[in-house]
Every structure is written in C-alpha cells, then in structure tokens.
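Here is work36.pdb, consisting of PDB, C-alpha atoms:
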```
MODEL        1
ATOM      1  CA  GLN U  28      54.349  53.861  80.761  1.00  0.00           C
ATOM      2  CA  GLY U  29      53.523  54.914  84.326  1.00  0.00           C
ATOM      3  CA  PRO U  30      55.548  56.996  86.774  1.00  0.00           C
ATOM      4  CA  ARG U  31      58.214  54.363  87.405  1.00  0.00           C
ATOM      5  CA  GLY U  32      58.783  53.624  83.720  1.00  0.00           C
ATOM      6  CA  THR U  33      59.108  57.322  82.884  1.00  0.00           C
ATOM      7  CA  LEU U  34      61.432  57.834  85.824  1.00  0.00           C
ATOM      8  CA  ASP U  35      63.628  54.860  84.881  1.00  0.00           C
ATOM      9  CA  ARG U  36      63.887  56.129  81.305  1.00  0.00           C
ATOM     10  CA  ILE U  37      64.948  59.629  82.385  1.00  0.00           C
ATOM     11  CA  LEU U  38      67.382  58.439  85.054  1.00  0.00           C
ATOM     12  CA  SER U  39      69.071  56.169  82.508  1.00  0.00           C
ATOM     13  CA  ILE U  40      70.067  59.127  80.299  1.00  0.00           C
ATOM     14  CA  ASN U  41      73.848  59.522  80.492  1.00  0.00           C
ATOM     15  CA  ASP U  42      74.030  63.147  79.316  1.00  0.00           C
ATOM     16  CA  PRO U  43      73.521  65.119  82.562  1.00  0.00           C
ATOM     17  CA  LEU U  44      72.171  68.235  80.818  1.00  0.00           C
ATOM     18  CA  ARG U  45      69.602  66.313  78.793  1.00  0.00           C
ATOM     19  CA  ARG U  46      68.690  64.237  81.834  1.00  0.00           C
ATOM     20  CA  GLY U  47      68.176  67.392  83.925  1.00  0.00           C
ATOM     21  CA  ASP U  48      66.115  69.053  81.192  1.00  0.00           C
ATOM     22  CA  GLU U  49      63.866  66.016  80.758  1.00  0.00           C
ATOM     23  CA  PHE U  50      63.425  65.652  84.516  1.00  0.00           C
ATOM     24  CA  ARG U  51      62.427  69.313  84.876  1.00  0.00           C
ATOM     25  CA  LEU U  52      59.965  69.000  81.992  1.00  0.00           C
ATOM     26  CA  LEU U  53      58.409  65.954  83.634  1.00  0.00           C
ATOM     27  CA  LEU U  54      58.042  67.788  86.945  1.00  0.00           C
ATOM     28  CA  ASP U  55      56.468  70.779  85.220  1.00  0.00           C
ATOM     29  CA  ARG U  56      53.880  68.509  83.554  1.00  0.00           C
ATOM     30  CA  LEU U  57      52.862  66.769  86.782  1.00  0.00           C
ATOM     31  CA  GLU U  58      49.710  68.012  88.457  1.00  0.00           C
ATOM     32  CA  ALA U  59      49.678  68.393  92.237  1.00  0.00           C
ATOM     33  CA  GLU U  60      47.600  65.227  92.637  1.00  0.00           C
ATOM     34  CA  ASP U  61      50.167  63.198  90.612  1.00  0.00           C
ATOM     35  CA  PHE U  62      53.112  63.834  92.912  1.00  0.00           C
ATOM     36  CA  ALA U  63      52.337  61.275  95.615  1.00  0.00           C
ATOM     37  CA  ALA U  64      52.426  58.405  93.113  1.00  0.00           C
ATOM     38  CA  PHE U  65      55.502  59.876  91.444  1.00  0.00           C
ATOM     39  CA  ILE U  66      57.408  60.233  94.724  1.00  0.00           C
ATOM     40  CA  GLU U  67      56.295  56.741  95.744  1.00  0.00           C
ATOM     41  CA  ALA U  68      57.727  55.382  92.467  1.00  0.00           C
ATOM     42  CA  PHE U  69      60.896  57.379  93.113  1.00  0.00           C
ATOM     43  CA  ARG U  70      61.308  55.848  96.548  1.00  0.00           C
ATOM     44  CA  GLN U  71      60.919  52.249  95.280  1.00  0.00           C
ATOM     45  CA  ASP U  72      64.146  50.278  95.378  1.00  0.00           C
ATOM     46  CA  GLY U  73      66.012  53.249  96.865  1.00  0.00           C
ATOM     47  CA  LEU U  74      65.992  55.396  93.725  1.00  0.00           C
ATOM     48  CA  HIS U  75      65.747  58.507  95.921  1.00  0.00           C
ATOM     49  CA  ARG U  76      69.004  57.555  97.675  1.00  0.00           C
ATOM     50  CA  GLU U  77      70.776  56.855  94.368  1.00  0.00           C
ATOM     51  CA  ASN U  78      69.517  60.124  92.853  1.00  0.00           C
ATOM     52  CA  PRO U  79      69.303  62.626  95.729  1.00  0.00           C
ATOM     53  CA  GLY U  80      69.487  65.709  93.508  1.00  0.00           C
ATOM     54  CA  GLU U  81      66.502  64.695  91.441  1.00  0.00           C
ATOM     55  CA  TYR U  82      64.579  63.579  94.526  1.00  0.00           C
ATOM     56  CA  ARG U  83      65.183  66.925  96.197  1.00  0.00           C
ATOM     57  CA  MET U  84      64.109  68.718  93.007  1.00  0.00           C
ATOM     58  CA  ALA U  85      60.875  66.707  92.900  1.00  0.00           C
ATOM     59  CA  LEU U  86      60.089  67.632  96.503  1.00  0.00           C
ATOM     60  CA  TYR U  87      60.850  71.271  95.703  1.00  0.00           C
ATOM     61  CA  VAL U  88      58.422  71.381  92.785  1.00  0.00           C
ATOM     62  CA  TRP U  89      55.736  69.533  94.779  1.00  0.00           C
ATOM     63  CA  ALA U  90      56.147  72.080  97.568  1.00  0.00           C
ATOM     64  CA  GLN U  91      55.492  74.855  95.071  1.00  0.00           C
ATOM     65  CA  LYS U  92      52.370  73.172  93.704  1.00  0.00           C
ATOM     66  CA  ASP U  93      50.912  71.690  96.907  1.00  0.00           C
ATOM     67  CA  PRO U  94      52.983  72.169 100.078  1.00  0.00           C
ATOM     68  CA  LEU U  95      50.337  70.769 102.410  1.00  0.00           C
ATOM     69  CA  GLY U  96      49.903  67.635 100.295  1.00  0.00           C
ATOM     70  CA  ALA U  97      53.678  67.204 100.110  1.00  0.00           C
ATOM     71  CA  LEU U  98      54.028  67.547 103.874  1.00  0.00           C
ATOM     72  CA  ALA U  99      51.160  65.145 104.545  1.00  0.00           C
ATOM     73  CA  TYR U 100      52.860  62.557 102.336  1.00  0.00           C
ATOM     74  CA  THR U 101      56.392  63.006 103.688  1.00  0.00           C
ATOM     75  CA  ARG U 102      55.268  62.934 107.309  1.00  0.00           C
ATOM     76  CA  GLU U 103      53.295  59.736 106.729  1.00  0.00           C
ATOM     77  CA  ASN U 104      55.691  57.889 104.428  1.00  0.00           C
ATOM     78  CA  THR U 105      59.247  58.966 105.257  1.00  0.00           C
ATOM     79  CA  ARG U 106      61.382  58.743 108.372  1.00  0.00           C
ATOM     80  CA  GLY U 107      63.798  61.147 109.986  1.00  0.00           C
ATOM     81  CA  GLY U 108      62.198  64.380 108.835  1.00  0.00           C
ATOM     82  CA  TRP U 109      64.666  65.139 106.001  1.00  0.00           C
ATOM     83  CA  SER U 110      62.045  65.005 103.230  1.00  0.00           C
ATOM     84  CA  SER U 111      59.599  67.137 105.192  1.00  0.00           C
ATOM     85  CA  ARG U 112      62.322  69.697 105.895  1.00  0.00           C
ATOM     86  CA  GLN U 113      63.079  69.863 102.150  1.00  0.00           C
ATOM     87  CA  VAL U 114      59.423  70.636 101.487  1.00  0.00           C
ATOM     88  CA  LEU U 115      59.378  73.309 104.202  1.00  0.00           C
ATOM     89  CA  SER U 116      62.582  74.801 102.823  1.00  0.00           C
ATOM     90  CA  ALA U 117      61.073  75.150  99.356  1.00  0.00           C
ATOM     91  CA  TRP U 118      57.772  76.472 100.712  1.00  0.00           C
ATOM     92  CA  ALA U 119      59.502  79.080 102.884  1.00  0.00           C
ATOM     93  CA  GLN U 120      61.274  80.506  99.848  1.00  0.00           C
ATOM     94  CA  TYR U 121      58.022  81.708  98.331  1.00  0.00           C
ATOM     95  CA  ASP U 122      55.664  81.917 101.325  1.00  0.00           C
ATOM     96  CA  LEU U 123      57.586  82.345 104.556  1.00  0.00           C
ATOM     97  CA  VAL U 124      54.563  83.251 106.644  1.00  0.00           C
ATOM     98  CA  ALA U 125      52.606  80.124 105.698  1.00  0.00           C
ATOM     99  CA  ALA U 126      55.618  77.804 106.101  1.00  0.00           C
ATOM    100  CA  GLU U 127      56.513  79.313 109.475  1.00  0.00           C
ATOM    101  CA  ASN U 128      52.915  79.109 110.694  1.00  0.00           C
ATOM    102  CA  TRP U 129      52.733  75.447 109.667  1.00  0.00           C
ATOM    103  CA  ALA U 130      56.018  74.693 111.423  1.00  0.00           C
ATOM    104  CA  LEU U 131      54.840  76.360 114.633  1.00  0.00           C
ATOM    105  CA  ALA U 132      51.375  74.755 114.542  1.00  0.00           C
ATOM    106  CA  ASN U 133      52.720  71.243 113.932  1.00  0.00           C
ATOM    107  CA  HIS U 134      55.337  71.105 116.666  1.00  0.00           C
ATOM    108  CA  ASP U 135      54.393  69.008 119.666  1.00  0.00           C
ATOM    109  CA  GLY U 136      56.492  68.852 122.771  1.00  0.00           C
ATOM    110  CA  GLU U 137      58.826  70.984 124.781  1.00  0.00           C
ATOM    111  CA  GLY U 138      62.094  70.730 122.856  1.00  0.00           C
ATOM    112  CA  ALA U 139      63.348  72.664 119.863  1.00  0.00           C
ATOM    113  CA  ASN U 140      61.012  72.749 116.891  1.00  0.00           C
ATOM    114  CA  PRO U 141      62.607  70.518 114.214  1.00  0.00           C
ATOM    115  CA  TRP U 142      60.332  71.936 111.499  1.00  0.00           C
ATOM    116  CA  LEU U 143      61.952  75.356 111.835  1.00  0.00           C
ATOM    117  CA  ILE U 144      65.208  73.859 110.513  1.00  0.00           C
ATOM    118  CA  GLY U 145      63.611  73.497 107.075  1.00  0.00           C
ATOM    119  CA  VAL U 146      62.134  76.994 107.164  1.00  0.00           C
ATOM    120  CA  ILE U 147      65.461  78.539 108.204  1.00  0.00           C
ATOM    121  CA  ASP U 148      67.355  76.564 105.581  1.00  0.00           C
ATOM    122  CA  GLY U 149      64.984  77.789 102.891  1.00  0.00           C
ATOM    123  CA  ILE U 150      65.458  81.479 103.637  1.00  0.00           C
ATOM    124  CA  ALA U 151      69.006  81.661 105.026  1.00  0.00           C
ATOM    125  CA  SER U 152      70.578  82.823 101.771  1.00  0.00           C
ATOM    126  CA  VAL U 153      67.854  85.332 100.856  1.00  0.00           C
ATOM    127  CA  ASP U 154      66.426  86.620 104.155  1.00  0.00           C
ATOM    128  CA  LEU U 155      69.103  86.550 106.837  1.00  0.00           C
ATOM    129  CA  ASN U 156      67.071  88.771 109.188  1.00  0.00           C
ATOM    130  CA  ASN U 157      64.106  86.406 109.376  1.00  0.00           C
ATOM    131  CA  ALA U 158      66.366  83.349 109.438  1.00  0.00           C
ATOM    132  CA  THR U 159      68.168  84.866 112.444  1.00  0.00           C
ATOM    133  CA  ARG U 160      64.864  85.712 114.119  1.00  0.00           C
ATOM    134  CA  LEU U 161      63.774  82.082 113.828  1.00  0.00           C
ATOM    135  CA  LEU U 162      67.179  80.785 114.942  1.00  0.00           C
ATOM    136  CA  ASN U 163      66.877  82.878 118.113  1.00  0.00           C
ATOM    137  CA  GLN U 164      63.583  81.115 118.905  1.00  0.00           C
ATOM    138  CA  LEU U 165      65.315  77.738 119.185  1.00  0.00           C
ATOM    139  CA  PRO U 166      66.720  76.623 122.535  1.00  0.00           C
ATOM    140  CA  TYR U 167      70.160  75.055 122.783  1.00  0.00           C
ATOM    141  CA  SER U 168      69.819  71.748 120.928  1.00  0.00           C
ATOM    142  CA  ARG U 169      70.979  69.659 117.990  1.00  0.00           C
ATOM    143  CA  GLU U 170      68.224  71.330 115.966  1.00  0.00           C
ATOM    144  CA  ARG U 171      69.601  74.782 116.724  1.00  0.00           C
ATOM    145  CA  GLY U 172      73.060  73.617 115.635  1.00  0.00           C
ATOM    146  CA  GLU U 173      71.646  72.361 112.333  1.00  0.00           C
ATOM    147  CA  ALA U 174      69.771  75.610 111.782  1.00  0.00           C
ATOM    148  CA  LEU U 175      72.893  77.632 112.593  1.00  0.00           C
ATOM    149  CA  ASN U 176      74.836  75.705 109.941  1.00  0.00           C
ATOM    150  CA  SER U 177      72.342  76.959 107.337  1.00  0.00           C
ATOM    151  CA  LEU U 178      73.207  80.582 108.119  1.00  0.00           C
ATOM    152  CA  ILE U 179      77.004  80.375 108.263  1.00  0.00           C
ATOM    153  CA  ASP U 180      77.621  80.576 104.484  1.00  0.00           C
ATOM    154  CA  SER U 181      75.456  83.682 104.195  1.00  0.00           C
ATOM    155  CA  VAL U 182      77.092  85.358 107.180  1.00  0.00           C
ATOM    156  CA  GLY U 183      80.541  84.487 105.797  1.00  0.00           C
ATOM    157  CA  LYS U 184      79.769  86.585 102.711  1.00  0.00           C
ATOM    158  CA  LEU U 185      79.029  89.714 104.770  1.00  0.00           C
ATOM    159  CA  GLU U 186      81.460  92.563 105.345  1.00  0.00           C
ATOM    160  CA  LEU U 187      83.252  92.224 108.682  1.00  0.00           C
ATOM    161  CA  ASP U 188      81.224  94.971 110.401  1.00  0.00           C
ATOM    162  CA  ASP U 189      77.965  93.386 109.232  1.00  0.00           C
ATOM    163  CA  ALA U 190      79.083  89.926 110.405  1.00  0.00           C
ATOM    164  CA  VAL U 191      79.941  91.339 113.849  1.00  0.00           C
ATOM    165  CA  ALA U 192      76.547  93.079 113.968  1.00  0.00           C
ATOM    166  CA  TRP U 193      74.891  89.752 113.077  1.00  0.00           C
ATOM    167  CA  LEU U 194      76.712  88.000 115.919  1.00  0.00           C
ATOM    168  CA  ASP U 195      75.443  90.707 118.300  1.00  0.00           C
ATOM    169  CA  GLU U 196      71.844  89.879 117.245  1.00  0.00           C
ATOM    170  CA  LEU U 197      72.146  86.315 118.518  1.00  0.00           C
ATOM    171  CA  GLY U 198      70.146  85.634 121.643  1.00  0.00           C
ATOM    172  CA  ASP U 199      72.537  83.961 124.040  1.00  0.00           C
ATOM    173  CA  GLU U 200      76.257  83.581 124.643  1.00  0.00           C
ATOM    174  CA  ARG U 201      76.334  79.877 123.848  1.00  0.00           C
ATOM    175  CA  LEU U 202      74.766  80.547 120.442  1.00  0.00           C
ATOM    176  CA  LYS U 203      77.202  83.419 119.791  1.00  0.00           C
ATOM    177  CA  LYS U 204      80.164  81.231 120.705  1.00  0.00           C
ATOM    178  CA  GLY U 205      78.998  78.411 118.437  1.00  0.00           C
ATOM    179  CA  ALA U 206      78.342  80.837 115.580  1.00  0.00           C
ATOM    180  CA  LEU U 207      81.769  82.442 115.946  1.00  0.00           C
ATOM    181  CA  GLU U 208      83.511  79.053 115.950  1.00  0.00           C
ATOM    182  CA  ARG U 209      81.623  77.848 112.860  1.00  0.00           C
ATOM    183  CA  LEU U 210      82.149  81.135 111.071  1.00  0.00           C
ATOM    184  CA  ALA U 211      85.896  81.074 111.773  1.00  0.00           C
ATOM    185  CA  ASP U 212      86.089  77.455 110.590  1.00  0.00           C
ATOM    186  CA  SER U 213      84.151  78.250 107.403  1.00  0.00           C
ATOM    187  CA  LEU U 214      86.296  81.282 106.594  1.00  0.00           C
ATOM    188  CA  GLY U 215      89.470  79.321 107.340  1.00  0.00           C
ATOM    189  CA  ARG U 216      88.472  76.558 104.939  1.00  0.00           C
ATOM    190  CA  ARG U 217      87.490  79.063 102.267  1.00  0.00           C
ATOM    191  CA  HIS U 218      90.770  81.013 102.481  1.00  0.00           C
ATOM    192  CA  GLY U 219      92.822  77.837 102.832  1.00  0.00           C
ATOM    193  CA  ALA U 220      91.365  76.525  99.570  1.00  0.00           C
ATOM    194  CA  ALA U 221      92.033  79.804  97.718  1.00  0.00           C
TER     195      ALA U 221
ENDMDL
END
```

If you took the structure in this file and wrote it as structure tokens, what would it be?
Amino acid sequence: QGPRGTLDRILSINDPLRRGDEFRLLLDRLEAEDFAAFIEAFRQDGLHRENPGEYRMALYVWAQKDPLGALAYTRENTRGGWSSRQVLSAWAQYDLVAAENWALANHDGEGANPWLIGVIDGIASVDLNNATRLLNQLPYSRERGEALNSLIDSVGKLELDDAVAWLDELGDERLKKGALERLADSLGRRHGAA
C-alpha cells in the first residue's frame, strides 16, 4: 500500500480515538530509516498542515528513534524551522544534554540561537531550572520572546513565592519585565475564564 496509502486510510477514519490508536500503532511499527519517506508522504499535498497533531506526533516519534536523522531531514526539506524545533523539543525531553549540545554546535551567526527555542520548549514543563538557564543565554530577540512563552504556563502554576524567586533568576531587567507582563496576562486570562 505504501506510506501515502496507509496514511490516507488512517486519516480518513472518522472516530478520533480509533484514528489516534491506529496512527500510534503505525508510528511504533516504523523503523528509523522509514521515517523520511513517511514524513515526505505526509507533507505531500499539505497533509501536514491539515493534520498538524498527527504530523507533530510523527516528528516526536522520529526524534525518539533517530533525532539526528530527523533533524537532517527537517533542516533540508522544511522551511521556517518549526519542524526542526519540534524534533529538538522531543529530543530534549529524553536527552537534554545531547539536544542542547546539538543546538549549540549548529548555530551559526551572532544573534540568538533559534535552535534553543525547541530545546527550551521541550523541557519547560518538566525542568524549569534548565529551561531558565537556557533562556538566560539568549540575548534580547524574537527568539528569546518565543522561548519565554514556553515557560510562562509552568511559572504560572508555581506558588507566589516560587514565581517571584523565578523572576529574580532572570538575567536582565528587560527579560524580567517581559516575563512579569506575560505572567500577569496569563494569570488574568486563567482567572477571568474561571
């Protein structure tokens, strides 16, 4: 049937639970060397845009089986960095040191390291200390703003004293100000919806 035929069959299932189960089973059966062709089939005709949850899940599983292969593919075949950041996010969740080292080794240029956004996003909810450490390495930039957004939900769940202590760990006043504004906005939306 081939990757595209299998994918079309699964994505046509109307029952979301059955569809999710079948998709996960398919991903579990794929070997690391099968993922490039599978992702390529997924990207044909914009299937990845129509099914972003499944696409993200496929990148996540590929990152667990072969993060370097997944990154080589996404860097070569996708634009904008989103897919590569998803791979880094998944990789960082189970091997932070390797994902961070890759991100640092593959950044060229003087500006903020865009690869660290994926690493930070991957660990923000489970390792706030290391996520904050990496955030503090980023200079003022759009990338730092994106990385900060990844931490706000986790910080918003802290006790007030712990949240204040977290703010004190931030490296510069501009970062602290931005974090405080985003945290206040997030808490306001959460309590307004309650």

Contact residues around region 94-99 of chain U with all atoms listed in the file at 10 Å, ignoring same-chain residues under 4 positions, as a list in words
Ala59, Glu60, Phe62, Ala63, Ile66, Leu86, Tyr87, Val88, Trp89, Ala90, Glu103, Asn104, Ser110, Ser111, Arg112, Gln113, Val114, Leu115, Ala117, Trp118, Ala119, Ala125, Ala126 and Trp129 of chain U

Selection under test: the PyMOL selection byres ((chain U and resi 140) around 10); residues as number ranges by chain:
U: 130-131, 133-139, 141-144, 164-166, 168, 170-171

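Here CA of Pro79 (chain U) stands at a distance of 25.4 Å from CA of Arg216 (chain U).
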
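Comparing the minimum interatomic distances between Arg31 (chain U) and each of U:Met84, U:Leu74, U:Leu44, U:Leu210, counting all atoms listed in the file, we find that U:Leu74 sits nearest.
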
Name the residues within 9 Å of (67.9, 77.3, 107.9), counting all atoms listed in the file in the file's coordinates, and put them as a VMD selection string.
chain U and resid 116 143 to 152 158 to 159 161 to 162 173 to 178

Would you save the residues from that selection as a PDB file, keeping the file's coordinate frame, using C-alpha atoms?
```
ATOM      1  CA  SER U 116      62.582  74.801 102.823  1.00  0.00           C
ATOM      2  CA  LEU U 143      61.952  75.356 111.835  1.00  0.00           C
ATOM      3  CA  ILE U 144      65.208  73.859 110.513  1.00  0.00           C
ATOM      4  CA  GLY U 145      63.611  73.497 107.075  1.00  0.00           C
ATOM      5  CA  VAL U 146      62.134  76.994 107.164  1.00  0.00           C
ATOM      6  CA  ILE U 147      65.461  78.539 108.204  1.00  0.00           C
ATOM      7  CA  ASP U 148      67.355  76.564 105.581  1.00  0.00           C
ATOM      8  CA  GLY U 149      64.984  77.789 102.891  1.00  0.00           C
ATOM      9  CA  ILE U 150      65.458  81.479 103.637  1.00  0.00           C
ATOM     10  CA  ALA U 151      69.006  81.661 105.026  1.00  0.00           C
ATOM     11  CA  SER U 152      70.578  82.823 101.771  1.00  0.00           C
ATOM     12  CA  ALA U 158      66.366  83.349 109.438  1.00  0.00           C
ATOM     13  CA  THR U 159      68.168  84.866 112.444  1.00  0.00           C
ATOM     14  CA  LEU U 161      63.774  82.082 113.828  1.00  0.00           C
ATOM     15  CA  LEU U 162      67.179  80.785 114.942  1.00  0.00           C
ATOM     16  CA  GLU U 173      71.646  72.361 112.333  1.00  0.00           C
ATOM     17  CA  ALA U 174      69.771  75.610 111.782  1.00  0.00           C
ATOM     18  CA  LEU U 175      72.893  77.632 112.593  1.00  0.00           C
ATOM     19  CA  ASN U 176      74.836  75.705 109.941  1.00  0.00           C
ATOM     20  CA  SER U 177      72.342  76.959 107.337  1.00  0.00           C
ATOM     21  CA  LEU U 178      73.207  80.582 108.119  1.00  0.00           C
TER      22      LEU U 178
END
```

Name all residues at most 8 Å from region 197-206 of chain U (count all atoms listed in the file; drop same-chain ones fewer than 2 positions away) and give them as number ranges by chain.
U: 159, 163, 167, 175, 179, 193-195, 208-210

Quote the spacing between CA of Asp48 (chain U) and CA of Trp109 (chain U) in Å to one decimal place.
25.2 Å

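Take CA of Thr101 (chain U) and CA of Val124 (chain U): the distance between them is 20.5 Å.
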
Using all atoms listed in the file: which of U:Arg45, U:Asn157, U:Arg36, U:Arg56 has the shortest distance to Glu127 (chain U)
U:Asn157

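If you measure from each of U:Asp154, U:Ala190, U:Tyr100, U:Ala132 to Gln120 (chain U) using only C-alpha atoms, the closest one turns out to be U:Asp154.
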